[in-house]
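Have a look at model-v5.csv; it's CSV, N, CA and C atoms:
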```
chain,number,residue,atom,x,y,z
A,25,MET,N,101.4,40.9,-89.5
A,25,MET,CA,101.2,39.7,-90.3
A,25,MET,C,102.4,38.7,-90.1
A,26,LYS,N,103.5,39.1,-89.6
A,26,LYS,CA,104.6,38.2,-89.5
A,26,LYS,C,104.5,37.2,-88.4
A,27,ASN,N,103.5,37.3,-87.4
A,27,ASN,CA,103.3,36.3,-86.4
A,27,ASN,C,102.1,35.4,-86.7
A,28,PHE,N,101.7,35.4,-87.9
A,28,PHE,CA,100.6,34.5,-88.3
A,28,PHE,C,101.1,33.4,-89.2
A,29,VAL,N,100.6,32.2,-88.9
A,29,VAL,CA,101.1,31.0,-89.6
A,29,VAL,C,99.9,30.3,-90.3
A,30,VAL,N,100.2,29.6,-91.4
A,30,VAL,CA,99.1,28.9,-92.1
A,30,VAL,C,98.9,27.6,-91.4
A,31,ILE,N,97.6,27.3,-91.0
A,31,ILE,CA,97.3,26.0,-90.4
A,31,ILE,C,96.4,25.2,-91.2
A,32,MET,N,95.8,25.8,-92.3
A,32,MET,CA,94.9,25.0,-93.1
A,32,MET,C,94.7,25.7,-94.4
A,33,THR,N,94.4,24.9,-95.5
A,33,THR,CA,94.2,25.5,-96.8
A,33,THR,C,92.9,24.9,-97.4
A,34,PHE,N,92.1,25.9,-98.0
A,34,PHE,CA,90.8,25.5,-98.6
A,34,PHE,C,90.8,25.9,-100.1
A,35,THR,N,89.9,25.4,-100.8
A,35,THR,CA,89.8,25.7,-102.2
A,35,THR,C,88.7,26.8,-102.4
A,36,TYR,N,87.6,26.6,-101.7
A,36,TYR,CA,86.5,27.5,-101.9
A,36,TYR,C,86.0,28.1,-100.5
A,37,SER,N,85.4,29.2,-100.5
A,37,SER,CA,85.0,29.9,-99.2
A,37,SER,C,83.9,29.1,-98.5
A,38,TYR,N,83.1,28.4,-99.2
A,38,TYR,CA,82.0,27.7,-98.5
A,38,TYR,C,82.5,26.6,-97.6
A,39,GLU,N,83.7,26.1,-97.9
A,39,GLU,CA,84.3,25.0,-97.1
A,39,GLU,C,84.7,25.5,-95.7
A,40,TYR,N,84.8,26.8,-95.4
A,40,TYR,CA,85.2,27.2,-94.1
A,40,TYR,C,84.2,28.2,-93.4
A,41,ALA,N,83.0,28.2,-94.0
A,41,ALA,CA,82.0,29.2,-93.4
A,41,ALA,C,81.8,29.0,-91.9
A,42,VAL,N,81.5,27.8,-91.5
A,42,VAL,CA,81.3,27.5,-90.1
A,42,VAL,C,82.5,27.7,-89.3
A,43,LEU,N,83.6,27.3,-89.8
A,43,LEU,CA,84.9,27.5,-89.1
A,43,LEU,C,85.2,28.9,-88.8
A,44,LYS,N,85.0,29.8,-89.8
A,44,LYS,CA,85.2,31.2,-89.7
A,44,LYS,C,84.3,31.8,-88.6
A,45,HIS,N,83.1,31.4,-88.5
A,45,HIS,CA,82.2,31.8,-87.4
A,45,HIS,C,82.7,31.4,-86.1
A,46,LEU,N,83.1,30.2,-85.9
A,46,LEU,CA,83.6,29.7,-84.6
A,46,LEU,C,84.9,30.4,-84.2
A,47,LEU,N,85.8,30.6,-85.2
A,47,LEU,CA,87.0,31.4,-84.8
A,47,LEU,C,86.7,32.8,-84.3
A,48,GLU,N,85.8,33.4,-85.0
A,48,GLU,CA,85.4,34.8,-84.6
A,48,GLU,C,84.7,34.8,-83.2
A,49,GLN,N,83.9,33.8,-83.0
A,49,GLN,CA,83.2,33.6,-81.7
A,49,GLN,C,84.2,33.4,-80.6
A,50,GLU,N,85.3,32.7,-80.8
A,50,GLU,CA,86.3,32.5,-79.7
A,50,GLU,C,87.3,33.6,-79.6
A,51,GLY,N,87.2,34.6,-80.5
A,51,GLY,CA,88.1,35.8,-80.5
A,51,GLY,C,89.5,35.4,-80.9
A,52,ILE,N,89.6,34.4,-81.8
A,52,ILE,CA,90.9,34.0,-82.3
A,52,ILE,C,91.4,34.9,-83.4
A,53,ASN,N,92.6,35.4,-83.3
A,53,ASN,CA,93.1,36.3,-84.3
A,53,ASN,C,93.5,35.5,-85.6
A,54,HIS,N,92.8,35.8,-86.7
A,54,HIS,CA,93.0,35.0,-87.9
A,54,HIS,C,92.6,35.8,-89.1
A,55,PHE,N,93.0,35.3,-90.3
A,55,PHE,CA,92.5,35.9,-91.6
A,55,PHE,C,92.7,34.8,-92.6
A,56,PHE,N,91.9,35.0,-93.7
A,56,PHE,CA,91.9,34.0,-94.8
A,56,PHE,C,92.7,34.7,-96.0
A,57,GLU,N,93.9,34.3,-96.2
A,57,GLU,CA,94.7,34.9,-97.3
A,57,GLU,C,94.2,34.4,-98.6
A,58,ASN,N,94.0,35.2,-99.6
A,58,ASN,CA,93.5,35.0,-101.0
A,58,ASN,C,92.0,34.8,-101.0
A,59,GLU,N,91.3,35.2,-99.9
A,59,GLU,CA,89.9,35.0,-99.9
A,59,GLU,C,89.1,35.8,-100.9
A,60,VAL,N,89.5,37.1,-101.0
A,60,VAL,CA,88.7,37.9,-101.9
A,60,VAL,C,88.9,37.5,-103.4
A,61,ILE,N,90.2,37.3,-103.8
A,61,ILE,CA,90.4,37.0,-105.2
A,61,ILE,C,89.8,35.6,-105.5
A,62,ALA,N,89.8,34.7,-104.6
A,62,ALA,CA,89.2,33.4,-104.9
A,62,ALA,C,87.7,33.5,-105.0
A,63,ASN,N,87.1,34.4,-104.3
A,63,ASN,CA,85.6,34.6,-104.4
A,63,ASN,C,85.3,35.3,-105.6
A,64,VAL,N,86.1,36.3,-106.1
A,64,VAL,CA,85.8,37.0,-107.3
A,64,VAL,C,86.1,36.1,-108.6
A,65,PHE,N,87.2,35.4,-108.5
A,65,PHE,CA,87.6,34.5,-109.6
A,65,PHE,C,87.9,33.1,-109.0
A,66,PRO,N,86.8,32.3,-108.8
A,66,PRO,CA,87.0,31.0,-108.2
A,66,PRO,C,88.0,30.1,-108.8
A,67,PHE,N,88.2,30.2,-110.1
A,67,PHE,CA,89.2,29.3,-110.7
A,67,PHE,C,90.7,29.7,-110.4
A,68,TYR,N,90.9,30.9,-109.9
A,68,TYR,CA,92.2,31.3,-109.5
A,68,TYR,C,92.7,30.6,-108.2
A,69,SER,N,91.8,30.1,-107.4
A,69,SER,CA,92.1,29.5,-106.2
A,69,SER,C,93.2,28.5,-106.3
A,70,ASN,N,93.2,27.6,-107.2
A,70,ASN,CA,94.3,26.6,-107.4
A,70,ASN,C,95.6,27.2,-107.8
A,71,ALA,N,95.5,28.2,-108.6
A,71,ALA,CA,96.7,28.9,-109.1
A,71,ALA,C,97.4,29.6,-107.9
A,72,LEU,N,96.6,30.1,-107.0
A,72,LEU,CA,97.2,30.8,-105.8
A,72,LEU,C,97.6,29.9,-104.7
A,73,GLY,N,97.3,28.6,-104.9
A,73,GLY,CA,97.6,27.6,-103.8
A,73,GLY,C,96.5,27.5,-102.8
A,74,GLY,N,95.4,28.0,-103.1
A,74,GLY,CA,94.2,27.9,-102.2
A,74,GLY,C,94.0,29.1,-101.3
A,75,ILE,N,93.0,29.0,-100.5
A,75,ILE,CA,92.8,30.1,-99.5
A,75,ILE,C,93.4,29.6,-98.2
A,76,HIS,N,94.3,30.3,-97.7
A,76,HIS,CA,95.1,29.9,-96.5
A,76,HIS,C,94.5,30.5,-95.2
A,77,LEU,N,94.2,29.7,-94.3
A,77,LEU,CA,93.8,30.2,-93.0
A,77,LEU,C,95.1,30.5,-92.2
A,78,ARG,N,95.3,31.7,-91.9
A,78,ARG,CA,96.4,32.1,-91.1
A,78,ARG,C,95.9,32.5,-89.7
A,79,VAL,N,96.6,32.0,-88.7
A,79,VAL,CA,96.2,32.2,-87.3
A,79,VAL,C,97.4,32.7,-86.6
A,80,HIS,N,97.2,33.7,-85.6
A,80,HIS,CA,98.3,34.2,-84.8
A,80,HIS,C,98.9,33.1,-84.0
A,81,THR,N,100.2,33.1,-83.9
A,81,THR,CA,100.9,32.0,-83.2
A,81,THR,C,100.4,31.8,-81.8
A,82,ASN,N,99.9,32.8,-81.1
A,82,ASN,CA,99.4,32.6,-79.7
A,82,ASN,C,98.1,31.8,-79.7
A,83,ASP,N,97.4,31.7,-80.9
A,83,ASP,CA,96.1,31.1,-80.9
A,83,ASP,C,96.0,29.8,-81.7
A,84,VAL,N,97.2,29.3,-82.1
A,84,VAL,CA,97.3,28.1,-83.0
A,84,VAL,C,96.6,26.9,-82.3
A,85,LEU,N,97.0,26.6,-81.0
A,85,LEU,CA,96.5,25.4,-80.4
A,85,LEU,C,94.9,25.4,-80.2
A,86,LEU,N,94.4,26.6,-79.9
A,86,LEU,CA,92.9,26.6,-79.7
A,86,LEU,C,92.3,26.5,-81.1
A,87,ALA,N,92.8,27.1,-82.1
A,87,ALA,CA,92.3,27.0,-83.5
A,87,ALA,C,92.3,25.5,-84.0
A,88,ARG,N,93.4,24.8,-83.7
A,88,ARG,CA,93.5,23.4,-84.1
A,88,ARG,C,92.5,22.5,-83.3
A,89,GLU,N,92.2,22.9,-82.1
A,89,GLU,CA,91.2,22.2,-81.3
A,89,GLU,C,89.8,22.3,-82.0
A,90,ILE,N,89.5,23.5,-82.4
A,90,ILE,CA,88.2,23.8,-83.1
A,90,ILE,C,88.1,23.1,-84.4
A,91,ILE,N,89.2,23.1,-85.1
A,91,ILE,CA,89.3,22.4,-86.4
A,91,ILE,C,89.1,20.9,-86.2
A,92,ASP,N,89.7,20.3,-85.2
A,92,ASP,CA,89.6,18.9,-84.9
A,92,ASP,C,88.2,18.5,-84.5
A,93,SER,N,87.5,19.4,-83.8
A,93,SER,CA,86.2,19.1,-83.3
A,93,SER,C,85.1,19.1,-84.5
A,94,LEU,N,85.5,19.8,-85.6
A,94,LEU,CA,84.5,19.9,-86.7
A,94,LEU,C,84.6,18.6,-87.6
A,95,GLN,N,85.6,17.8,-87.5
A,95,GLN,CA,85.8,16.6,-88.3
A,95,GLN,C,85.6,17.0,-89.8
A,96,LEU,N,86.4,17.9,-90.3
A,96,LEU,CA,86.3,18.3,-91.7
A,96,LEU,C,86.7,17.2,-92.6
A,97,PRO,N,86.2,17.3,-93.9
A,97,PRO,CA,86.5,16.2,-94.9
A,97,PRO,C,88.0,16.0,-95.1
A,98,LYS,N,88.3,14.8,-95.4
A,98,LYS,CA,89.8,14.5,-95.5
A,98,LYS,C,90.5,15.1,-96.7
A,99,HIS,N,89.7,15.5,-97.7
A,99,HIS,CA,90.4,16.1,-98.9
A,99,HIS,C,91.0,17.5,-98.6
A,100,LEU,N,90.6,18.1,-97.5
A,100,LEU,CA,91.2,19.4,-97.2
A,100,LEU,C,92.5,19.3,-96.6
A,101,LYS,N,93.4,20.1,-97.0
A,101,LYS,CA,94.8,20.0,-96.5
A,101,LYS,C,95.0,20.8,-95.2
A,102,ILE,N,95.4,20.1,-94.2
A,102,ILE,CA,95.7,20.7,-92.9
A,102,ILE,C,97.2,20.8,-92.8
A,103,VAL,N,97.7,22.1,-92.6
A,103,VAL,CA,99.2,22.3,-92.6
A,103,VAL,C,99.7,22.2,-91.2
```
For the structure just supplied, provide its representation as structure tokens.
Amino acid sequence: MKNFVVIMTFTYSYEYAVLKHLLEQEGINHFFENEVIANVFPFYSNALGGIHLRVHTNDVLLAREIIDSLQLPKHLKIV
């Protein structure tokens, strides 16, 4: 886990459903921190600072290319 960096933050899991599929399809090492607790208790998402997309440092550039190609809404915070 120490070689994973946060590259994007979401509030709800539906915001990254397509992105998650694309990352898995490309074989990018990633995980969504706080995903389970935010799905069980959606109002905790803000208290936890959101759901953080963490990507392995070797895959950051490819993951950013995928994110850029999706043209995600501007209210999402890209780290």
How far is it from atom C of Ala41 (chain A) to atom C of Ala71 (chain A), in Å with one decimal?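 Distance reported for this atom pair: 22.4 Å.
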Secondary structure check, alpha helix (DSSP H) residues of chain A, as a short mmCIF file (atom, residue, chain, number, x, y, z; two decimals) with N, CA and C atoms, keeping the file's coordinate frame:
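Output contents, as saved in states_4.cif:
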```cif
data_model
loop_
_atom_site.label_atom_id
_atom_site.label_comp_id
_atom_site.auth_asym_id
_atom_site.auth_seq_id
_atom_site.Cartn_x
_atom_site.Cartn_y
_atom_site.Cartn_z
N ALA A 41 83.00 28.20 -94.00
CA ALA A 41 82.00 29.20 -93.40
C ALA A 41 81.80 29.00 -91.90
N VAL A 42 81.50 27.80 -91.50
CA VAL A 42 81.30 27.50 -90.10
C VAL A 42 82.50 27.70 -89.30
N LEU A 43 83.60 27.30 -89.80
CA LEU A 43 84.90 27.50 -89.10
C LEU A 43 85.20 28.90 -88.80
N LYS A 44 85.00 29.80 -89.80
CA LYS A 44 85.20 31.20 -89.70
C LYS A 44 84.30 31.80 -88.60
N HIS A 45 83.10 31.40 -88.50
CA HIS A 45 82.20 31.80 -87.40
C HIS A 45 82.70 31.40 -86.10
N LEU A 46 83.10 30.20 -85.90
CA LEU A 46 83.60 29.70 -84.60
C LEU A 46 84.90 30.40 -84.20
N LEU A 47 85.80 30.60 -85.20
CA LEU A 47 87.00 31.40 -84.80
C LEU A 47 86.70 32.80 -84.30
N GLU A 48 85.80 33.40 -85.00
CA GLU A 48 85.40 34.80 -84.60
C GLU A 48 84.70 34.80 -83.20
N GLN A 49 83.90 33.80 -83.00
CA GLN A 49 83.20 33.60 -81.70
C GLN A 49 84.20 33.40 -80.60
N GLU A 50 85.30 32.70 -80.80
CA GLU A 50 86.30 32.50 -79.70
C GLU A 50 87.30 33.60 -79.60
N GLU A 59 91.30 35.20 -99.90
CA GLU A 59 89.90 35.00 -99.90
C GLU A 59 89.10 35.80 -100.90
N VAL A 60 89.50 37.10 -101.00
CA VAL A 60 88.70 37.90 -101.90
C VAL A 60 88.90 37.50 -103.40
N ILE A 61 90.20 37.30 -103.80
CA ILE A 61 90.40 37.00 -105.20
C ILE A 61 89.80 35.60 -105.50
N ALA A 62 89.80 34.70 -104.60
CA ALA A 62 89.20 33.40 -104.90
C ALA A 62 87.70 33.50 -105.00
N ASN A 63 87.10 34.40 -104.30
CA ASN A 63 85.60 34.60 -104.40
C ASN A 63 85.30 35.30 -105.60
N VAL A 64 86.10 36.30 -106.10
CA VAL A 64 85.80 37.00 -107.30
C VAL A 64 86.10 36.10 -108.60
N TYR A 68 90.90 30.90 -109.90
CA TYR A 68 92.20 31.30 -109.50
C TYR A 68 92.70 30.60 -108.20
N SER A 69 91.80 30.10 -107.40
CA SER A 69 92.10 29.50 -106.20
C SER A 69 93.20 28.50 -106.30
N ASN A 70 93.20 27.60 -107.20
CA ASN A 70 94.30 26.60 -107.40
C ASN A 70 95.60 27.20 -107.80
N ALA A 71 95.50 28.20 -108.60
CA ALA A 71 96.70 28.90 -109.10
C ALA A 71 97.40 29.60 -107.90
N VAL A 84 97.20 29.30 -82.10
CA VAL A 84 97.30 28.10 -83.00
C VAL A 84 96.60 26.90 -82.30
N LEU A 85 97.00 26.60 -81.00
CA LEU A 85 96.50 25.40 -80.40
C LEU A 85 94.90 25.40 -80.20
N LEU A 86 94.40 26.60 -79.90
CA LEU A 86 92.90 26.60 -79.70
C LEU A 86 92.30 26.50 -81.10
N ALA A 87 92.80 27.10 -82.10
CA ALA A 87 92.30 27.00 -83.50
C ALA A 87 92.30 25.50 -84.00
N ARG A 88 93.40 24.80 -83.70
CA ARG A 88 93.50 23.40 -84.10
C ARG A 88 92.50 22.50 -83.30
N GLU A 89 92.20 22.90 -82.10
CA GLU A 89 91.20 22.20 -81.30
C GLU A 89 89.80 22.30 -82.00
N ILE A 90 89.50 23.50 -82.40
CA ILE A 90 88.20 23.80 -83.10
C ILE A 90 88.10 23.10 -84.40
N ILE A 91 89.20 23.10 -85.10
CA ILE A 91 89.30 22.40 -86.40
C ILE A 91 89.10 20.90 -86.20
N ASP A 92 89.70 20.30 -85.20
CA ASP A 92 89.60 18.90 -84.90
C ASP A 92 88.20 18.50 -84.50
N SER A 93 87.50 19.40 -83.80
CA SER A 93 86.20 19.10 -83.30
C SER A 93 85.10 19.10 -84.50
N LEU A 94 85.50 19.80 -85.60
CA LEU A 94 84.50 19.90 -86.70
C LEU A 94 84.60 18.60 -87.60
#
```
So, counting only C-alpha atoms, which residue among A:Thr35, A:Phe65, A:Gln49, A:Glu57 is closest to Val79 (chain A)?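 Selected residue with least distance to Val79 (chain A): A:Glu57.
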Would you mind listing what lies within 12 Å of Leu46 (chain A) as a list in words, with only C-alpha atoms counted and same-chain residues fewer than 5 positions away left out?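 Within the cut-off, the hits are Tyr40, Ala41, Gly51, Ile52, Asn53, His54, Leu86, Ala87, Arg88, Glu89, Ile90, Ile91, Ser93 and Leu94 of chain A.
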Using only N, CA and C atoms, determine which residues lie at most 6.5 Å from Asn58 (chain A), disregarding the query and same-chain residues fewer than 2 positions distant; provide the list as a list in words.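 The residues satisfying every condition are Phe56, Val60, Ile61, Ala62, Asn63, Gly74, Ile75 and His76 of chain A.
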From the DSSP assignment of the backbone, select every residue of chain A that is strand (DSSP E), and format the answer as a PyMOL selection string. chain A and resi 28-34+54-57+75-80+101-102
I want to know what sits within 5 Å of Arg78 (chain A), based on all atoms listed in the file, with residues of the same chain fewer than 4 positions away left out; could you give that as a list of chain:residue names?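 Surrounding residues, per the criterion: A:Val29, A:Val30, A:Ile31, A:His54, A:Phe55.
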Keeping just N, CA, C and O atoms, export region 32-48 of chain A of this structure as an mmCIF file, in the first residue's frame.
```
data_model
loop_
_atom_site.group_PDB
_atom_site.id
_atom_site.type_symbol
_atom_site.label_atom_id
_atom_site.label_comp_id
_atom_site.auth_asym_id
_atom_site.auth_seq_id
_atom_site.Cartn_x
_atom_site.Cartn_y
_atom_site.Cartn_z
ATOM 1 N N MET A 32 -7.485 10.852 -7.313
ATOM 2 C CA MET A 32 -8.810 11.428 -7.481
ATOM 3 C C MET A 32 -9.667 11.084 -6.268
ATOM 4 O O MET A 32 -9.455 10.056 -5.622
ATOM 5 N N THR A 33 -10.636 11.943 -5.970
ATOM 6 C CA THR A 33 -11.534 11.737 -4.840
ATOM 7 C C THR A 33 -12.980 11.856 -5.307
ATOM 8 O O THR A 33 -13.314 12.767 -6.058
ATOM 9 N N PHE A 34 -13.806 10.924 -4.838
ATOM 10 C CA PHE A 34 -15.223 10.893 -5.187
ATOM 11 C C PHE A 34 -16.055 10.937 -3.916
ATOM 12 O O PHE A 34 -15.568 10.592 -2.833
ATOM 13 N N THR A 35 -17.320 11.297 -4.049
ATOM 14 C CA THR A 35 -18.229 11.297 -2.906
ATOM 15 C C THR A 35 -19.033 10.001 -2.853
ATOM 16 O O THR A 35 -19.219 9.429 -1.788
ATOM 17 N N TYR A 36 -19.496 9.530 -3.998
ATOM 18 C CA TYR A 36 -20.336 8.333 -4.057
ATOM 19 C C TYR A 36 -19.785 7.349 -5.084
ATOM 20 O O TYR A 36 -19.165 7.752 -6.074
ATOM 21 N N SER A 37 -20.056 6.075 -4.887
ATOM 22 C CA SER A 37 -19.486 5.042 -5.751
ATOM 23 C C SER A 37 -20.028 5.073 -7.173
ATOM 24 O O SER A 37 -19.347 4.648 -8.102
ATOM 25 N N TYR A 38 -21.229 5.568 -7.387
ATOM 26 C CA TYR A 38 -21.756 5.617 -8.753
ATOM 27 C C TYR A 38 -20.958 6.577 -9.630
ATOM 28 O O TYR A 38 -20.978 6.477 -10.859
ATOM 29 N N GLU A 39 -20.213 7.506 -9.027
ATOM 30 C CA GLU A 39 -19.446 8.487 -9.788
ATOM 31 C C GLU A 39 -18.254 7.860 -10.508
ATOM 32 O O GLU A 39 -17.742 8.425 -11.463
ATOM 33 N N TYR A 40 -17.801 6.696 -10.042
ATOM 34 C CA TYR A 40 -16.619 6.093 -10.653
ATOM 35 C C TYR A 40 -16.862 4.698 -11.215
ATOM 36 O O TYR A 40 -15.920 3.976 -11.534
ATOM 37 N N ALA A 41 -18.102 4.317 -11.404
ATOM 38 C CA ALA A 41 -18.422 2.965 -11.871
ATOM 39 C C ALA A 41 -17.746 2.648 -13.207
ATOM 40 O O ALA A 41 -17.120 1.592 -13.368
ATOM 41 N N VAL A 42 -17.839 3.540 -14.174
ATOM 42 C CA VAL A 42 -17.236 3.311 -15.486
ATOM 43 C C VAL A 42 -15.715 3.351 -15.378
ATOM 44 O O VAL A 42 -15.021 2.512 -15.963
ATOM 45 N N LEU A 43 -15.201 4.305 -14.621
ATOM 46 C CA LEU A 43 -13.754 4.424 -14.442
ATOM 47 C C LEU A 43 -13.178 3.150 -13.837
ATOM 48 O O LEU A 43 -12.134 2.656 -14.278
ATOM 49 N N LYS A 44 -13.840 2.607 -12.847
ATOM 50 C CA LYS A 44 -13.373 1.373 -12.198
ATOM 51 C C LYS A 44 -13.254 0.246 -13.224
ATOM 52 O O LYS A 44 -12.259 -0.478 -13.250
ATOM 53 N N HIS A 45 -14.253 0.118 -14.069
ATOM 54 C CA HIS A 45 -14.228 -0.915 -15.111
ATOM 55 C C HIS A 45 -13.047 -0.707 -16.063
ATOM 56 O O HIS A 45 -12.341 -1.654 -16.412
ATOM 57 N N LEU A 46 -12.820 0.532 -16.492
ATOM 58 C CA LEU A 46 -11.728 0.824 -17.421
ATOM 59 C C LEU A 46 -10.356 0.557 -16.796
ATOM 60 O O LEU A 46 -9.454 0.048 -17.468
ATOM 61 N N LEU A 47 -10.203 0.896 -15.523
ATOM 62 C CA LEU A 47 -8.927 0.628 -14.840
ATOM 63 C C LEU A 47 -8.669 -0.874 -14.747
ATOM 64 O O LEU A 47 -7.546 -1.336 -14.969
ATOM 65 N N GLU A 48 -9.707 -1.627 -14.427
ATOM 66 C CA GLU A 48 -9.563 -3.086 -14.346
ATOM 67 C C GLU A 48 -9.264 -3.680 -15.719
ATOM 68 O O GLU A 48 -8.446 -4.600 -15.846
#
```
